[in-house]
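Worksheet: one structure, shown below.
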Amino acid sequence: MADLVQLRRKSSADASAPATALPADAPKVYVETFGCQMNEADSALIVGQLRRAGYASTRSPEDADVILVNTCAVREKAEDRVYGRTSQLSRFQKDRPEVVIGITGCMAEHLREKLATTAPHVSLVAGPDSYRNIAELVDLARGGERAVDVHLDKAETYEGLDADMRNDGISGFVTIQRGCDKFCTFCVVPYTRGRERGVAPREVLRQAKAFADAGYKEVTLLGQTVNSYRWEDVNFADLLRAVARIEGIERIRFTSPYPVDFSDEVIDAIATEPKVMPYVHMPLQVGSDPVLERMRRGYSKDEFLTLVRKLRAAVPEIAISTDLMVGFCGESEEDHAETLAMMREIRFDFAFMFKYSDRGITYASRKLEDDIPEATKLRRLQEVIALQEQHTREAHDAQVGKEVEVLVIGPSKRKDRLMGRTPNFYRVLLPLGVAERGELLRAKVVSTTGHSLVAEPLD
């Protein structure tokens, strides 16, 4: 196998040719996604690019000629899972050694030096700014090269490229911002995705309209700090209102906003634009001011509380979810108790909860001491999870008896009910046969499972 190949970056004109009908014997690509919705959007972009280059997609790695794992490097556990998963997938190379296994996304850039020795079955490495080149990378790897492109591009926003739209046909992702300028001390994103750059409003509207034209009912605007978006004199509130004017799009969501940049204009857009859904995922991380300062989050717990109160005053039905971290460098028992107290005061509807892990390239890794014992981290995490489970169950119980509008997504995992979402992002279970996928219907909540609402249609 040849040495690592650093590709010359191609122009957008080379990479954006329209897709044509694919022959029955077209090579097949399987993409498996780890991490956030940004990665899901990037996976759809990768598939779209490869389809334009003559590759068909498949939902089964057994059928694939090319297997790509789109990765996340935010937490250590995700990294370990990716290593394990690529090792599992390498079994398909035993009978078909020509099968290409590749790693794309944040972990590709972060671990490019390690992959050659720790995962020799991986012959393709593509960072998050290299997807214009993905077809050329795949072709090189299929030809026996080890193909690598992890260059971070200060200007790349993938303007003019469309994602594969053969997903659920209901909810689509539109990336409006790439990279991050916040440099929180625990976070790898600025190092693995580069500095913040916005997508031109015309391109955001073009992509959103493409989803509407394809029959999608909902779009989610994505960015690492999505509400920090600005393009010349256009801010995030302006963009929300512009997307709301697109005919065919019924629901607009966004993630993840940064508390510091949550303006009154954005709150007003949520309150006054019927298509902007009453749901916000707003990461708190911790409830202690000293820890927030060490994290360089840029806000205090009181400022966060003030923002929550403003949101709930403007949009009484709003649901708020969050990220919570335990065990960051120097976190005392008093700091942890303040996080639990913040949780009790705010009562988040949902939360993503995790313990701090050293990511190797962050400021915290280089300058702070990871001094909380693992057993203490696990105990604190269990306490946070138990409290949030209580709040989530109570939030769901409070929905019983209410009438809700449900966007039907499709069958539940057990295939015994339909699953959908309310405007404030609660999952709803409905009887089979009462609606089609993509349909909006009114329903009454009759009970809960603790994590889902159970409803009956009103029509």
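Identifiers in this document derive from the order of the structure tokens: chains are assigned A, B, ..., residues are numbered from 1 separately in each chain, and ligands are numbered from 1 in order of occurrence.
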| said: For range 358-361 of chain A, find every residue with an atom within 10 Å (counting only C-alpha atoms), except residues of its own chain fewer than 3 positions away, and show them as a ChimeraX atom specification. | reply: /A:73-76,79,110,185-188,191-192,328-329,364-366,368-370
| query | Which polymer residues have any atom within 9 Å of an atom of range 118-123 of chain A, counting only C-alpha atoms, with same-chain residues fewer than 4 positions away left out, as a list in words? | reply | Met1, Tyr83, Thr86, Ser87, Ser90, Gln93, Val100, Ile101, Gly102, Ile103, Lys114, Ala141, Arg142, Gly144, Glu145, Arg146, Ala147 and Val148 of chain A
| message | Env of Ala398 in chain A: 10 Å cut, atoms = only C-alpha atoms, seq-sep filter 4 positions within chain, self excluded. Answer as number ranges by chain. | response | A: 392-394, 402, 445, 447-448
Selection above as a file: C-alpha atoms, as a PDB file, in the first residue's frame:
ATOM      1  CA  THR A 392     -38.091  14.254  32.627  1.00  0.00           C
ATOM      2  CA  ARG A 393     -40.791  11.934  33.985  1.00  0.00           C
ATOM      3  CA  GLU A 394     -42.554  14.842  35.697  1.00  0.00           C
ATOM      4  CA  LYS A 402     -53.140  18.179  26.565  1.00  0.00           C
ATOM      5  CA  VAL A 445     -52.027  12.825  25.282  1.00  0.00           C
ATOM      6  CA  SER A 447     -50.530   8.654  29.197  1.00  0.00           C
ATOM      7  CA  THR A 448     -46.722   8.488  29.184  1.00  0.00           C
TER       8      THR A 448
END
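Checking A:Glu273, A:Glu250, A:Glu265, A:Glu40 one by one against Glu405 in chain A, counting only C-alpha atoms, you find the shortest gap at A:Glu250.
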| task | Write out as number ranges by chain which residues come within 8 Å of Leu284 in chain A when counting only C-alpha atoms, dropping same-chain ones fewer than 3 positions away. | result | A: 287, 304, 322-324
| request: Pick out each residue of range 36-203 of chain A that DSSP on the backbone tags as strand (DSSP E or B); I need them as number ranges by chain. | output: A: 56-57, 66-71, 100-105, 124-126, 146-149, 171-175, 177-178, 197-198
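Taking CA of Glu439 in chain A and CA of Gly172 in chain A as the two end points, the separation is 15.3 Å.
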Please produce, as CSV, a per-residue contact table for range 263-359 of chain A versus range 422-437 of chain A (criterion: any atom at most 10 Å away, only C-alpha atoms considered), showing the nearest atom pair and its distance in Å to one decimal, sorted by chain then residue number.
residue,atom,partner,partner_atom,distance
A:Lys275,CA,A:Pro423,CA,9.2
A:Val276,CA,A:Pro423,CA,8.8
A:Met277,CA,A:Pro423,CA,5.4
A:Pro278,CA,A:Asn424,CA,5.1
A:Tyr279,CA,A:Asn424,CA,4.7
A:Val280,CA,A:Asn424,CA,8.4
A:Glu317,CA,A:Asn424,CA,7.6
A:Ile318,CA,A:Asn424,CA,6.2
A:Ala319,CA,A:Asn424,CA,5.4
A:Ile320,CA,A:Asn424,CA,8.5
A:Ser321,CA,A:Phe425,CA,9.8
A:Asp349,CA,A:Tyr426,CA,9.0
A:Phe350,CA,A:Tyr426,CA,9.4
Just write the chosen residues, C-alpha atoms, as a PDB file, in the first residue's frame.
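Dumped to part_25.pdb:
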ATOM      1  CA  LYS A 275     -42.998  27.831  12.197  1.00  0.00           C
ATOM      2  CA  VAL A 276     -40.122  28.255  14.686  1.00  0.00           C
ATOM      3  CA  MET A 277     -40.698  25.496  17.202  1.00  0.00           C
ATOM      4  CA  PRO A 278     -40.876  26.156  20.967  1.00  0.00           C
ATOM      5  CA  TYR A 279     -37.851  24.057  21.834  1.00  0.00           C
ATOM      6  CA  VAL A 280     -34.279  25.064  22.677  1.00  0.00           C
ATOM      7  CA  GLU A 317     -44.875  26.303  26.321  1.00  0.00           C
ATOM      8  CA  ILE A 318     -41.165  26.113  25.477  1.00  0.00           C
ATOM      9  CA  ALA A 319     -39.201  22.955  26.264  1.00  0.00           C
ATOM     10  CA  ILE A 320     -35.549  23.383  27.219  1.00  0.00           C
ATOM     11  CA  SER A 321     -32.913  20.670  27.119  1.00  0.00           C
ATOM     12  CA  ASP A 349     -37.186  18.736  29.988  1.00  0.00           C
ATOM     13  CA  PHE A 350     -34.322  16.549  28.720  1.00  0.00           C
TER      14      PHE A 350
END
| field | Nearby residues (only C-alpha atoms) at most 10 Å from Val291 in chain A, same-chain spacing under 3 positions excluded, as a ChimeraX atom specification | value | /A:285-288,294-297,300,327-332,335-336
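The smallest atom-to-atom distance between Thr33 in chain A and any of A:Pro290, A:Gly298, A:Pro316, A:Gly105, using only C-alpha atoms, is found for A:Gly105.
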| Neighbours of Leu222 in chain A within 12 Å (only C-alpha atoms; same-chain residues fewer than 6 positions away dropped), as JSON, numbers by chain? | {"A": [36, 37, 38, 39, 40, 41, 42, 172, 173, 174, 175, 176, 177, 178, 179, 198, 199, 204, 208, 228, 229, 236, 240, 252, 253, 254, 255, 256, 257, 281]}
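With only C-alpha atoms as the atoms that count, the minimum distance from Thr272 in chain A to the choices A:Val315, A:Ile246, A:Ala200, A:Leu161 is reached by A:Val315.
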| Suppose you want the space between CA of Leu152 in chain A and CA of Gly35 in chain A; what is it in Å? | 19.4 Å
| remark: Pro61 in chain A proximity check over A:Leu124, A:Ile46, A:Val31, A:Cys184, using only C-alpha atoms: winner is A:Val31
| request: Pick out each residue of range 299-349 of chain A that DSSP on the backbone tags as alpha helix (DSSP H); I need them as a count of residues only. | output: 28
